[in-house]
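Colleague: One structure follows; several queries about it will come next.
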Amino acid sequence: MSLEQFKNRSVGTQTYKMVDYEPTPDTGMGRFQRVVSRTFRGELFVGLYVTMREMINALFGGGMHTTKYPFEKLPISPRYRAIHDMLRLLESGHYRCIGCGLCEKICISDCIKMDTRYDENQRKEVTEYTINFGRCIFCGYCAEVCPELAIVHGQRYETASEQRASFSIFDDMLTPKDALGQQQEFDGFGAVSPNADDNIKKTPLAY
Amino acid sequence: MEIAVLPEVTSAGVIIKAIIILAIISAVAGFGTYLERKVLAFMQRRLGPMHVGPFGLLQIAADGIKLFTKEDIVPQNANKLIFQIAPSITAATAFIALAAVPVFPDFTIPEWIPLLGGVFVPSIAADINVGVLFILGMMAAGLYGPLLAGMAQANKWGIIGSARTAIQFLSYEVVTGLSILAPIMLVGSLSLVDFNEYQTGGFASWMVWQQPVAFILFLIAGFAETNRTPFDLLENEAEVISGYATEYSGMRWGMFFIGEYANMITVSVIAAVMFMGGYNDLGFIAGWLIVILKIAFIFFLMLWVRASWPHIRPDQLMWLCWKVLMPIAVINIVITGFVMMV
Amino acid sequence: MSNEITIKIDGVEYKTQEGEYILNAARANDIFIPAICYLTRCSPTLACRICLVEADGKRVYACNAKAKDGMDVTTTTEEILEERRAIMEVYDVNHPLQCGVCDQSGECELQNYTLEMGVDSQSYMIPDSKRESTNWSSVLHYDAGLCIVCERCTTVCKDMIGDAAIKTGPRGGATLDKGLKESMPKDAYSMWNKLQKSVIVPSNGTGETNCSDCGECVAVCPVGALVSRDFVYTTNAWDLKRTPATCAHCSSGCQIYYETKPTSIEDSTEKIYRVTNEWNYVSLCGAGRFGYDFENRVEGKDIEAFDRAVEALQKADSIRFNSVITNEEALMLQTLKEKFGTKLVNPDAYAFQNFLRAYGRPAGKLLYGSDFKEIMSSDFVISVGASLRNDNPNARYAFNNIQKMNKGAGLYFHPVGDKVIEGLGKSVECFYHKAGLEEAALYLILDLFADRDKLPQETIDYIESFHTKGTKIVKEKVMESVTETVIDSETGESKEVSKKIPKMVEKEVEVNENALVTLLGGADDFADKFAKMMKKKEDFALIVGEDLYFHPKATNLATLVSLIESACGMKVAMIPPKTNSLGVALICDLDESANGYTVGYNEAGDFRLSALGDGDLDMPAMNQQEGTLTNMNKRVVPTNAALEYNGYELNDLMSALKSGRKLTIHWTEMLGNKKGFQAIEFDALPNGYTNSGEENRGYLLKNIGKRAGSVKVEKFDETLSLDGEIAYRCNPQRQFSDFTDKAHQIFETFSLYASPSKAQLLGEKVEIDFGGEVLVCGVVVDERMGGDIVKIPDFKSTKDIYSLFGRDRFKTVTIREV
């Protein structure tokens, strides 16, 4: 790949369009004329009009934009990256995490840690899992890389707490067992794209 | 013209007046901060303070409690004495200026009130015959507050802030003085009471119709004198953090703002009395009401302007003062003089 | 040796050796040819067929096609790429998609080659069969489901380790559709055909391997099928920090990597999770691979103990230590000796030092002439006085590799029977002689191999005195021509047909009987066998072991070894008894015995410095310190600290005694003052291998000795041979010192080891009487031992086995059951 396009550092000069650009007058008379024209053009009153209009609209026209947080909350995008949730399998209720360690590896602020072991059922068991939210920058790579859709970004963005640990314990991040029915499938980073089936070639299994 | 016979002004009446001014203007200055926040919020389609008291009205109280209880920090290398005195200068000068301003109509305390019953409280605490000059003088002296504060705090932003104070206040003092010179020439007195008397002829007799240029010049200069947008260069966050107030905290910081709001009220009162018909009755509306409405309008105008306009550069400020406003003010005086002569 | 030739690979000319495999030639020149099943130093398996290349227009497998002068090799053509892709697709058929949890993920060759060949879709399918994962031994875990049957494990076990403990067995999978033979690439089909039929099983028919538990199969496994049991699912490969180091357990000084990671989320102290090696160039033993957690965890510096240690060192009359120390530490101890006149006592290094000196005197050498790397290229190897399986695994690997790779032959002289050595090859001849007759063994070697012109007449006469002429009746096969008349059944014609029929004829031949062979317990037909063994042999090597250093006539044995080296043109290499015995022998002036106030370093003493955590002052263990070791290949190799150590080091004690350096590794340069060593600073020492397998670790010792002097060899002393109940001081496999014993994956206990037949007579627990002193220990059956001699381990320093055995390695004892 050529580096030419990176060497051009006059960013944007080709695509930017100057608005209301008029050359600066260089004679005293020119400048005087500009002052006079600007003074009497009444633009200052346009400014006053705009703010007054907005105020009237806000007070009487229902144009007030304030959301009375925390009494009112706006719905957040599924792509919003808040405190992580660990999901469970809907059928068995077992947590989805297989302990592959990809989130641990990809984490750019190195805040995910896990301990695993070989359990009695010859499976990899996650014995401990923590996220250090003091370091987490909520980049969403962990959710994106997770092959099992086990770690996702949840909807909990109110993260003021006396203890960061309140959010970082595996059991706290896991969907509660009795709330399995309310578990939301995550649509943000790392979720399967709606047309995933069209993009893969299937492995033959016709015997 | 019928000359009203006023009851005798006693010292008790003056003291009561002074206390009333101090108490009410302080409260109103505090309320001014509330109003400012509210108006700015509405203009930005927000709600503003909402949670303390109904419609957030008690926000002032909350702020006051906060300011009073906050730690008073004096920087290590600051000149302690000056640093501590400076806020009082701002507040004091603002209130002293109010001494010569007719703030409310005069009244007599009803007889049934013990001790003070029958005491006449004048509309103006000190009806001196150089009232306007005194007000201008006191407001000019107010520049020592920010100037000393900035220089005493051993902080480069403070120094820049106080330098700006010096040039801005001194420059615009000239414009203020010159702009109201023309109305003074017309009235022939420096007493605000005389200004009021001059405009008794109803709406058409308002000074603003005779001296529109002076009015505009006075407003512009008033904005600069009170350190309001678009001339809030003394403490513009983007450039000099908080300027002269950078190192201040707690009530000392609050006193600057009481001073600022008191000054805003002073300017509003002067504008209302000198140019907008004073406290004369307007048609069926009582004089005391109409003056409050006028003062409120000027005050609101200051907030409105703050919400609407960006502030200007220091060099533009100076340019505006010395190259535009001062010449216009002088020309205005000369024309006024010619008109009076002819 | 072989000649240099020029071959062309992808149009570029490269130099290589004649007879080198194309694959190795390419690798040495940094050209990539994919290969899964091939292992450098082992025979080509031809299981994966992915190393397919075109040589002079013909398709060959790079791993077993030898380079010829002017050969033109193309590594990739369209058909080859198609074939390789098909092979990778086939490998991926039914391979479980559990990379997420697989231990090999991230360093898996199946993953790598699947991506390399661009396999993004699958064209083949077959029903899967259930394959269970099992544990083969206390350390080996085999998941058949993940196995791709590349047979690297079986190859390395057979060609390198010599156990041949695993082999391919039937899998019971579905058979391939014959039609595929036509439709799919040829090599991919035959690979698949084999893959579908086989799986790896222990070769003894049971579910468990009875092997040395070296774990080399785990190391070479390209996928996650073979993993050590302790490591399964504990961490991902990429989380581990690799510290290049040198194994601290035996004198091989193998290059290893300690792989560390914090213990757990709560405990952030680093822990060694496993040990890996460059398995193409070096093979580890079980101690090296699994005996890694012998670190000495110390909370902090114990100032009081330190002061006491300084005081103890000042007043010490002797320092007792063993050879599990670095060269730098040895130099520090030597400095102490020079400063305070303290005696340095180290029985194993002392014996080795004396032997080396005696050996070097006639030839004027400092060290033995050859090393184990060179020995590996010979085709006839003799081992004397070493229990190869136990003393030094790498010497055994070399012995085995010569049989397998060089079509070699071997002679093994040792009093203790060893079934593993017997099984290494058909042309391995074992002499289980009486203990004490090592001199006779060396004389027999002289007799068999020496160039008579190079021997003194006296010795020739002595050797000839053992030969007697005799007659022997030999049966011989003779081909006799017989003419028959045959009637053709169809035509009715009769024909004369002449045939050759074998016939046994008895013949009396004159034979040269050798009394030495008989004395050493050789087979009657040894002479014939030996003649067969000698066919096409050019390169001879001799491995000398610890028995000789502890022999009462060690000096004479050393002189004999020197004579063998010069007269037989043999490569001679010796096995230093313990980790750094060679280094200690070269650096320290040792004394025979301790007296007075003794400071013990990892040994018993009045004041004990210990890296085992049980002494009066803690010292760092080998995986916690930097320094160099001198290995048996005469190399000074660096080792690095894998784990942190918070306590005092020997250098701190030296500093307190006003002779320390700033850091321990600043002593490395000072080694230059000692004979053979060089003044190179520690940080300049490399520790790795090049692509061509060249060892690039540390530096080689210079072999310059004193002026040669003539020394006469003495006749051997038959009276030294021991009779009766004999104990042999020898560690079980995977145990070398207290450090291996400390490791949690080394299970061999401190017991008496005996062959099954002997153990039957002994019972479960015995009392061994060393003529006064008595040792009580349990009895463990070692199925791979033979004969009546029992082994007593010496790895526990607290048991003080060296003093029980004295200056001998074999001792007549009385064993009683308790």
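Each chain in the structure tokens gets a letter, A, B, ..., in the order shown, and its residues are numbered from 1; ligands are numbered from 1 in order too.
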Would you mind listing, as a list in words, all residues of chain B that have at least one atom within 6 Å of chain A, where only C-alpha atoms are what counts?
Modeller: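 That gives Phe42, Met43, Arg45, Arg46 and Ser308 of chain B for chain B.
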Colleague: Name all residues at most 10 Å from segment 271-288 of chain B (count only C-alpha atoms; drop same-chain ones fewer than 4 positions away) and give them as a PDB file with C-alpha atoms, in the first residue's frame.
Modeller:
```pdb
ATOM      1  CA  VAL B 101     -29.392  55.459  44.342  1.00  0.00           C
ATOM      2  CA  PRO B 102     -33.112  55.760  45.002  1.00  0.00           C
ATOM      3  CA  VAL B 103     -33.967  52.149  45.432  1.00  0.00           C
ATOM      4  CA  PHE B 104     -37.521  52.172  46.742  1.00  0.00           C
ATOM      5  CA  PRO B 105     -40.026  54.930  47.138  1.00  0.00           C
ATOM      6  CA  ASP B 106     -39.998  56.661  50.535  1.00  0.00           C
ATOM      7  CA  VAL B 132     -24.455  60.442  39.910  1.00  0.00           C
ATOM      8  CA  ILE B 180     -24.217  60.309  30.949  1.00  0.00           C
ATOM      9  CA  PRO B 183     -28.252  63.807  30.046  1.00  0.00           C
ATOM     10  CA  ILE B 184     -26.686  65.610  33.008  1.00  0.00           C
ATOM     11  CA  VAL B 187     -31.119  67.981  33.481  1.00  0.00           C
ATOM     12  CA  SER B 191     -28.998  64.278  41.725  1.00  0.00           C
ATOM     13  CA  LEU B 192     -30.952  61.264  40.584  1.00  0.00           C
ATOM     14  CA  VAL B 193     -34.060  62.713  42.191  1.00  0.00           C
ATOM     15  CA  ASP B 194     -33.771  65.617  39.776  1.00  0.00           C
ATOM     16  CA  PHE B 195     -33.433  63.161  36.903  1.00  0.00           C
ATOM     17  CA  ASN B 196     -36.602  61.549  38.056  1.00  0.00           C
ATOM     18  CA  GLU B 197     -38.356  64.897  38.265  1.00  0.00           C
ATOM     19  CA  TYR B 198     -37.120  65.737  34.756  1.00  0.00           C
ATOM     20  CA  GLN B 199     -39.003  62.771  33.288  1.00  0.00           C
ATOM     21  CA  THR B 200     -42.376  63.181  34.978  1.00  0.00           C
ATOM     22  CA  GLY B 201     -44.132  63.914  31.698  1.00  0.00           C
ATOM     23  CA  GLY B 202     -45.027  60.332  30.961  1.00  0.00           C
ATOM     24  CA  PHE B 203     -43.613  57.929  28.396  1.00  0.00           C
ATOM     25  CA  ALA B 204     -42.700  60.611  25.880  1.00  0.00           C
ATOM     26  CA  SER B 205     -40.608  62.519  28.344  1.00  0.00           C
ATOM     27  CA  TRP B 206     -38.203  59.665  28.957  1.00  0.00           C
ATOM     28  CA  MET B 207     -34.601  60.654  28.549  1.00  0.00           C
ATOM     29  CA  VAL B 208     -34.015  57.761  26.215  1.00  0.00           C
ATOM     30  CA  TRP B 209     -35.902  59.555  23.455  1.00  0.00           C
ATOM     31  CA  GLN B 210     -33.770  62.622  23.840  1.00  0.00           C
ATOM     32  CA  GLN B 211     -30.510  60.843  24.336  1.00  0.00           C
ATOM     33  CA  PRO B 212     -30.736  57.449  22.557  1.00  0.00           C
ATOM     34  CA  ALA B 214     -26.108  58.156  25.341  1.00  0.00           C
ATOM     35  CA  PHE B 215     -28.421  55.378  26.476  1.00  0.00           C
ATOM     36  CA  PHE B 218     -24.263  53.767  28.845  1.00  0.00           C
ATOM     37  CA  LEU B 219     -25.633  50.256  28.450  1.00  0.00           C
ATOM     38  CA  GLY B 222     -22.464  49.302  31.978  1.00  0.00           C
ATOM     39  CA  ILE B 265     -28.604  46.226  40.064  1.00  0.00           C
ATOM     40  CA  THR B 266     -26.960  49.620  40.420  1.00  0.00           C
ATOM     41  CA  VAL B 267     -26.458  49.909  36.685  1.00  0.00           C
ATOM     42  CA  ILE B 292     -39.128  47.589  39.495  1.00  0.00           C
ATOM     43  CA  LEU B 293     -40.269  46.387  36.087  1.00  0.00           C
ATOM     44  CA  LYS B 294     -37.785  48.647  34.374  1.00  0.00           C
ATOM     45  CA  ILE B 295     -34.928  47.530  36.612  1.00  0.00           C
ATOM     46  CA  ALA B 296     -35.943  43.943  36.062  1.00  0.00           C
ATOM     47  CA  PHE B 297     -35.972  44.464  32.311  1.00  0.00           C
ATOM     48  CA  ILE B 298     -32.430  45.871  32.271  1.00  0.00           C
TER      49      ILE B 298
END
```
Colleague: Restricting the calculation to only C-alpha atoms, which member of C:Leu388, C:Val381, C:Leu240, C:Val156 is positioned closest to chain A?
Modeller: C:Leu240
Colleague: Mind dumping a table of every chain A residue within 12 Å of chain C, with the nearest atom pair and its distance in Å to one decimal, using only C-alpha atoms, sorted by chain and rising number, as a Markdown table?
Modeller:
```
| residue | atom | partner | partner_atom | distance |
| --- | --- | --- | --- | --- |
| A:Cys97 | CA | C:Gly100 | CA | 10.0 |
| A:Ile98 | CA | C:Val101 | CA | 6.6 |
| A:Gly99 | CA | C:Val101 | CA | 6.4 |
| A:Cys100 | CA | C:Gly100 | CA | 4.4 |
| A:Gly101 | CA | C:Asn236 | CA | 6.9 |
| A:Leu102 | CA | C:Gly100 | CA | 7.9 |
| A:Cys103 | CA | C:Gly100 | CA | 11.0 |
| A:Glu104 | CA | C:Asp239 | CA | 8.8 |
| A:Lys105 | CA | C:Asp239 | CA | 7.5 |
| A:Ile106 | CA | C:Trp238 | CA | 11.0 |
| A:Asp110 | CA | C:Asp239 | CA | 11.4 |
| A:Cys111 | CA | C:Ile265 | CA | 11.2 |
| A:Ile112 | CA | C:Ile265 | CA | 9.8 |
| A:Lys113 | CA | C:Ile265 | CA | 6.6 |
| A:Met114 | CA | C:Ile265 | CA | 6.8 |
| A:Asp115 | CA | C:Ser264 | CA | 6.1 |
| A:Thr116 | CA | C:Thr234 | CA | 5.2 |
| A:Arg117 | CA | C:Thr234 | CA | 4.9 |
| A:Tyr118 | CA | C:Tyr233 | CA | 5.3 |
| A:Asp119 | CA | C:Tyr233 | CA | 8.9 |
| A:Asn121 | CA | C:Ser133 | CA | 11.5 |
| A:Gln122 | CA | C:Ser133 | CA | 8.7 |
| A:Arg123 | CA | C:Tyr233 | CA | 8.2 |
| A:Lys124 | CA | C:Tyr233 | CA | 5.8 |
| A:Glu125 | CA | C:Tyr233 | CA | 8.1 |
| A:Val126 | CA | C:Thr234 | CA | 9.5 |
| A:Thr127 | CA | C:Ser264 | CA | 9.8 |
| A:Glu128 | CA | C:Ile265 | CA | 7.3 |
| A:Tyr129 | CA | C:Ile265 | CA | 7.9 |
| A:Thr130 | CA | C:Ile265 | CA | 7.8 |
| A:Ile131 | CA | C:Ile265 | CA | 10.4 |
| A:Asn132 | CA | C:Ile265 | CA | 10.9 |
| A:Val145 | CA | C:Gly100 | CA | 11.2 |
| A:Cys146 | CA | C:Gly100 | CA | 9.6 |
| A:Pro147 | CA | C:Gly100 | CA | 7.9 |
| A:Glu148 | CA | C:Gly100 | CA | 9.3 |
| A:Ile169 | CA | C:Ile265 | CA | 11.4 |
| A:Asn199 | CA | C:Asp120 | CA | 11.8 |
| A:Ile200 | CA | C:Ser121 | CA | 8.6 |
| A:Lys201 | CA | C:Ser121 | CA | 6.2 |
| A:Lys202 | CA | C:Ser121 | CA | 7.4 |
| A:Thr203 | CA | C:Gln122 | CA | 5.5 |
| A:Pro204 | CA | C:Met125 | CA | 6.3 |
| A:Leu205 | CA | C:Met125 | CA | 6.3 |
| A:Ala206 | CA | C:Met125 | CA | 7.9 |
| A:Tyr207 | CA | C:Pro127 | CA | 6.9 |
```
Colleague: Could the residues in this selection be written to a file with C-alpha atoms, as a PDB file, in the first residue's frame?
Modeller:
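File written: result_26.pdb
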```
ATOM      1  CA  CYS A  97     -18.144 -18.744  29.679  1.00  0.00           C
ATOM      2  CA  ILE A  98     -15.856 -21.575  28.595  1.00  0.00           C
ATOM      3  CA  GLY A  99     -12.716 -20.004  30.005  1.00  0.00           C
ATOM      4  CA  CYS A 100     -11.005 -19.582  26.651  1.00  0.00           C
ATOM      5  CA  GLY A 101      -9.191 -16.478  27.854  1.00  0.00           C
ATOM      6  CA  LEU A 102      -9.682 -14.487  24.652  1.00  0.00           C
ATOM      7  CA  CYS A 103     -11.181 -11.554  26.561  1.00  0.00           C
ATOM      8  CA  GLU A 104      -8.215 -11.661  28.896  1.00  0.00           C
ATOM      9  CA  LYS A 105      -5.884 -11.597  25.936  1.00  0.00           C
ATOM     10  CA  ILE A 106      -7.577  -8.908  23.901  1.00  0.00           C
ATOM     11  CA  ASP A 110      -5.281  -5.646  30.873  1.00  0.00           C
ATOM     12  CA  CYS A 111      -8.062  -5.652  33.420  1.00  0.00           C
ATOM     13  CA  ILE A 112      -9.649  -9.075  32.915  1.00  0.00           C
ATOM     14  CA  LYS A 113      -8.255 -12.016  34.834  1.00  0.00           C
ATOM     15  CA  MET A 114      -9.487 -15.573  35.103  1.00  0.00           C
ATOM     16  CA  ASP A 115      -8.508 -18.787  36.794  1.00  0.00           C
ATOM     17  CA  THR A 116      -9.475 -22.092  35.241  1.00  0.00           C
ATOM     18  CA  ARG A 117      -9.054 -25.745  36.045  1.00  0.00           C
ATOM     19  CA  TYR A 118      -9.783 -29.203  34.696  1.00  0.00           C
ATOM     20  CA  ASP A 119     -12.941 -30.301  36.424  1.00  0.00           C
ATOM     21  CA  ASN A 121     -16.523 -33.671  33.999  1.00  0.00           C
ATOM     22  CA  GLN A 122     -13.385 -33.231  31.905  1.00  0.00           C
ATOM     23  CA  ARG A 123     -14.400 -29.677  31.131  1.00  0.00           C
ATOM     24  CA  LYS A 124     -12.648 -26.406  31.632  1.00  0.00           C
ATOM     25  CA  GLU A 125     -14.158 -24.807  34.676  1.00  0.00           C
ATOM     26  CA  VAL A 126     -13.847 -21.108  35.379  1.00  0.00           C
ATOM     27  CA  THR A 127     -13.054 -20.930  39.062  1.00  0.00           C
ATOM     28  CA  GLU A 128     -12.569 -17.182  39.257  1.00  0.00           C
ATOM     29  CA  TYR A 129     -13.240 -14.318  36.928  1.00  0.00           C
ATOM     30  CA  THR A 130     -12.757 -10.629  37.622  1.00  0.00           C
ATOM     31  CA  ILE A 131     -12.732  -7.374  35.764  1.00  0.00           C
ATOM     32  CA  ASN A 132     -10.840  -4.505  37.310  1.00  0.00           C
ATOM     33  CA  VAL A 145     -14.075 -11.349  20.805  1.00  0.00           C
ATOM     34  CA  CYS A 146     -16.140 -13.673  23.002  1.00  0.00           C
ATOM     35  CA  PRO A 147     -16.940 -16.755  20.929  1.00  0.00           C
ATOM     36  CA  GLU A 148     -19.795 -17.808  23.187  1.00  0.00           C
ATOM     37  CA  ILE A 169     -17.272 -10.412  40.905  1.00  0.00           C
ATOM     38  CA  ASN A 199     -21.667 -15.194   4.815  1.00  0.00           C
ATOM     39  CA  ILE A 200     -20.428 -18.633   5.781  1.00  0.00           C
ATOM     40  CA  LYS A 201     -20.023 -21.835   3.882  1.00  0.00           C
ATOM     41  CA  LYS A 202     -21.465 -24.724   5.790  1.00  0.00           C
ATOM     42  CA  THR A 203     -19.522 -27.837   6.659  1.00  0.00           C
ATOM     43  CA  PRO A 204     -20.900 -30.899   4.889  1.00  0.00           C
ATOM     44  CA  LEU A 205     -22.509 -33.359   7.281  1.00  0.00           C
ATOM     45  CA  ALA A 206     -24.698 -35.382   4.923  1.00  0.00           C
ATOM     46  CA  TYR A 207     -23.953 -38.934   5.950  1.00  0.00           C
TER      47      TYR A 207
END
```
Colleague: Report as a PyMOL selection string all protein, DNA and RNA residues lying within 10 Å of segment 409-413 of chain C, evaluated on only C-alpha atoms, omitting residues in the same chain fewer than 5 positions from it.
Modeller: chain C and resi 378-388+399-400+402-404+418+421-422+424-434+437-438+441-442+445+520-522+530+532-535+537+540-543
Colleague: Take the selection from the previous step and output its residues with N, CA and C atoms, as a short mmCIF file (atom, residue, chain, number, x, y, z; two decimals), in the first residue's frame.
Modeller:
```cif
data_model
loop_
_atom_site.label_atom_id
_atom_site.label_comp_id
_atom_site.auth_asym_id
_atom_site.auth_seq_id
_atom_site.Cartn_x
_atom_site.Cartn_y
_atom_site.Cartn_z
N SER C 378 28.04 -40.58 15.92
CA SER C 378 28.85 -41.78 15.70
C SER C 378 27.93 -42.98 15.43
N ASP C 379 28.52 -44.12 15.04
CA ASP C 379 27.66 -45.25 14.77
C ASP C 379 28.00 -46.48 15.62
N PHE C 380 28.94 -46.33 16.53
CA PHE C 380 29.21 -47.42 17.47
C PHE C 380 29.50 -46.78 18.80
N VAL C 381 28.67 -47.11 19.79
CA VAL C 381 28.84 -46.43 21.05
C VAL C 381 29.00 -47.43 22.17
N ILE C 382 29.92 -47.13 23.07
CA ILE C 382 30.17 -48.02 24.20
C ILE C 382 29.95 -47.23 25.48
N SER C 383 29.27 -47.82 26.40
CA SER C 383 29.07 -47.15 27.67
C SER C 383 29.69 -47.98 28.77
N VAL C 384 30.51 -47.37 29.57
CA VAL C 384 31.14 -48.07 30.69
C VAL C 384 30.87 -47.31 31.98
N GLY C 385 30.41 -48.04 32.95
CA GLY C 385 30.32 -47.45 34.28
C GLY C 385 29.23 -46.43 34.46
N ALA C 386 28.23 -46.46 33.63
CA ALA C 386 27.13 -45.52 33.83
C ALA C 386 25.82 -46.27 33.78
N SER C 387 24.97 -46.02 34.76
CA SER C 387 23.62 -46.54 34.68
C SER C 387 22.88 -45.53 33.82
N LEU C 388 22.97 -45.78 32.51
CA LEU C 388 22.55 -44.75 31.54
C LEU C 388 21.16 -44.22 31.81
N PHE C 399 22.76 -42.58 23.25
CA PHE C 399 23.03 -44.00 23.04
C PHE C 399 21.92 -44.60 22.16
N ASN C 400 20.69 -44.23 22.47
CA ASN C 400 19.55 -44.76 21.72
C ASN C 400 19.49 -44.19 20.31
N ILE C 402 21.79 -43.18 18.44
CA ILE C 402 22.81 -43.77 17.56
C ILE C 402 22.29 -45.08 16.97
N GLN C 403 21.60 -45.87 17.80
CA GLN C 403 21.05 -47.15 17.30
C GLN C 403 19.99 -46.90 16.23
N LYS C 404 19.13 -45.92 16.48
CA LYS C 404 17.98 -45.73 15.62
C LYS C 404 18.30 -44.94 14.36
N ASP C 418 19.59 -53.88 32.86
CA ASP C 418 18.68 -52.82 32.47
C ASP C 418 17.91 -53.21 31.23
N ILE C 421 17.88 -50.65 28.12
CA ILE C 421 19.04 -50.64 27.24
C ILE C 421 19.01 -51.88 26.34
N GLU C 422 18.65 -53.01 26.92
CA GLU C 422 18.56 -54.24 26.11
C GLU C 422 17.62 -54.05 24.95
N LEU C 424 16.94 -51.39 23.25
CA LEU C 424 17.16 -50.25 22.37
C LEU C 424 17.41 -50.66 20.92
N GLY C 425 17.93 -51.84 20.73
CA GLY C 425 18.19 -52.26 19.36
C GLY C 425 18.78 -53.65 19.34
N LYS C 426 18.75 -54.28 18.15
CA LYS C 426 19.27 -55.65 18.06
C LYS C 426 20.78 -55.67 18.21
N SER C 427 21.42 -54.59 17.79
CA SER C 427 22.87 -54.62 17.87
C SER C 427 23.40 -53.93 19.12
N VAL C 428 22.64 -54.04 20.18
CA VAL C 428 23.15 -53.56 21.47
C VAL C 428 23.48 -54.80 22.29
N GLU C 429 24.71 -54.84 22.74
CA GLU C 429 25.16 -55.99 23.52
C GLU C 429 25.46 -55.54 24.94
N CYS C 430 24.79 -56.19 25.90
CA CYS C 430 24.99 -55.77 27.27
C CYS C 430 25.90 -56.74 28.01
N PHE C 431 26.89 -56.19 28.73
CA PHE C 431 27.74 -56.99 29.59
C PHE C 431 27.39 -56.67 31.03
N TYR C 432 26.68 -57.59 31.68
CA TYR C 432 26.39 -57.35 33.10
C TYR C 432 27.49 -57.98 33.91
N HIS C 433 28.56 -57.27 34.06
CA HIS C 433 29.73 -57.85 34.72
C HIS C 433 29.63 -57.66 36.22
N LYS C 434 30.58 -58.26 36.89
CA LYS C 434 30.60 -58.12 38.35
C LYS C 434 31.05 -56.72 38.70
N LEU C 437 34.74 -54.70 38.15
CA LEU C 437 35.55 -55.17 37.03
C LEU C 437 35.59 -54.17 35.88
N GLU C 438 35.37 -52.90 36.19
CA GLU C 438 35.36 -51.89 35.13
C GLU C 438 36.69 -51.84 34.38
N ALA C 441 36.67 -54.24 31.72
CA ALA C 441 35.84 -53.80 30.61
C ALA C 441 36.65 -52.88 29.70
N LEU C 442 37.41 -51.99 30.30
CA LEU C 442 38.21 -51.09 29.48
C LEU C 442 39.28 -51.85 28.72
N ILE C 445 37.74 -53.32 25.73
CA ILE C 445 37.56 -52.32 24.68
C ILE C 445 38.88 -52.11 23.94
N LEU C 520 33.66 -60.99 31.89
CA LEU C 520 32.69 -59.91 32.00
C LEU C 520 31.26 -60.38 31.77
N GLY C 521 31.13 -61.66 31.61
CA GLY C 521 29.78 -62.21 31.48
C GLY C 521 29.21 -62.05 30.09
N GLY C 522 30.06 -61.98 29.08
CA GLY C 522 29.58 -61.85 27.71
C GLY C 522 29.01 -63.15 27.20
N PHE C 530 29.85 -59.66 17.47
CA PHE C 530 30.66 -58.46 17.39
C PHE C 530 31.09 -58.20 15.95
N LYS C 532 29.45 -58.95 13.35
CA LYS C 532 28.28 -58.39 12.66
C LYS C 532 28.10 -56.91 13.03
N MET C 533 28.27 -56.64 14.32
CA MET C 533 28.08 -55.27 14.79
C MET C 533 29.07 -54.32 14.16
N MET C 534 30.24 -54.84 13.85
CA MET C 534 31.30 -53.97 13.36
C MET C 534 31.15 -53.63 11.88
N LYS C 535 30.21 -54.28 11.21
CA LYS C 535 30.06 -54.07 9.78
C LYS C 535 29.72 -52.61 9.47
N LYS C 537 31.00 -49.91 10.20
CA LYS C 537 31.08 -48.92 11.26
C LYS C 537 32.37 -48.13 11.14
N PHE C 540 33.47 -44.29 16.26
CA PHE C 540 33.29 -44.95 17.55
C PHE C 540 33.28 -43.95 18.69
N ALA C 541 32.49 -44.26 19.69
CA ALA C 541 32.38 -43.34 20.83
C ALA C 541 32.33 -44.12 22.12
N LEU C 542 32.84 -43.49 23.16
CA LEU C 542 32.85 -44.12 24.48
C LEU C 542 32.23 -43.16 25.49
N ILE C 543 31.24 -43.68 26.21
CA ILE C 543 30.64 -42.90 27.29
C ILE C 543 31.15 -43.44 28.61
#
```
Colleague: So how many Å separate atom CA of Ser283 of chain C and atom CA of Thr134 of chain C, to one decimal?
Modeller: 24.1 Å
Colleague: Could you check which of A:Lys177, A:Arg38, A:Asn195, A:Val152 is closest to Pro78 of chain A, using only C-alpha atoms?
Modeller: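 Nearest candidate to Pro78 of chain A out of A:Lys177, A:Arg38, A:Asn195, A:Val152: A:Val152.
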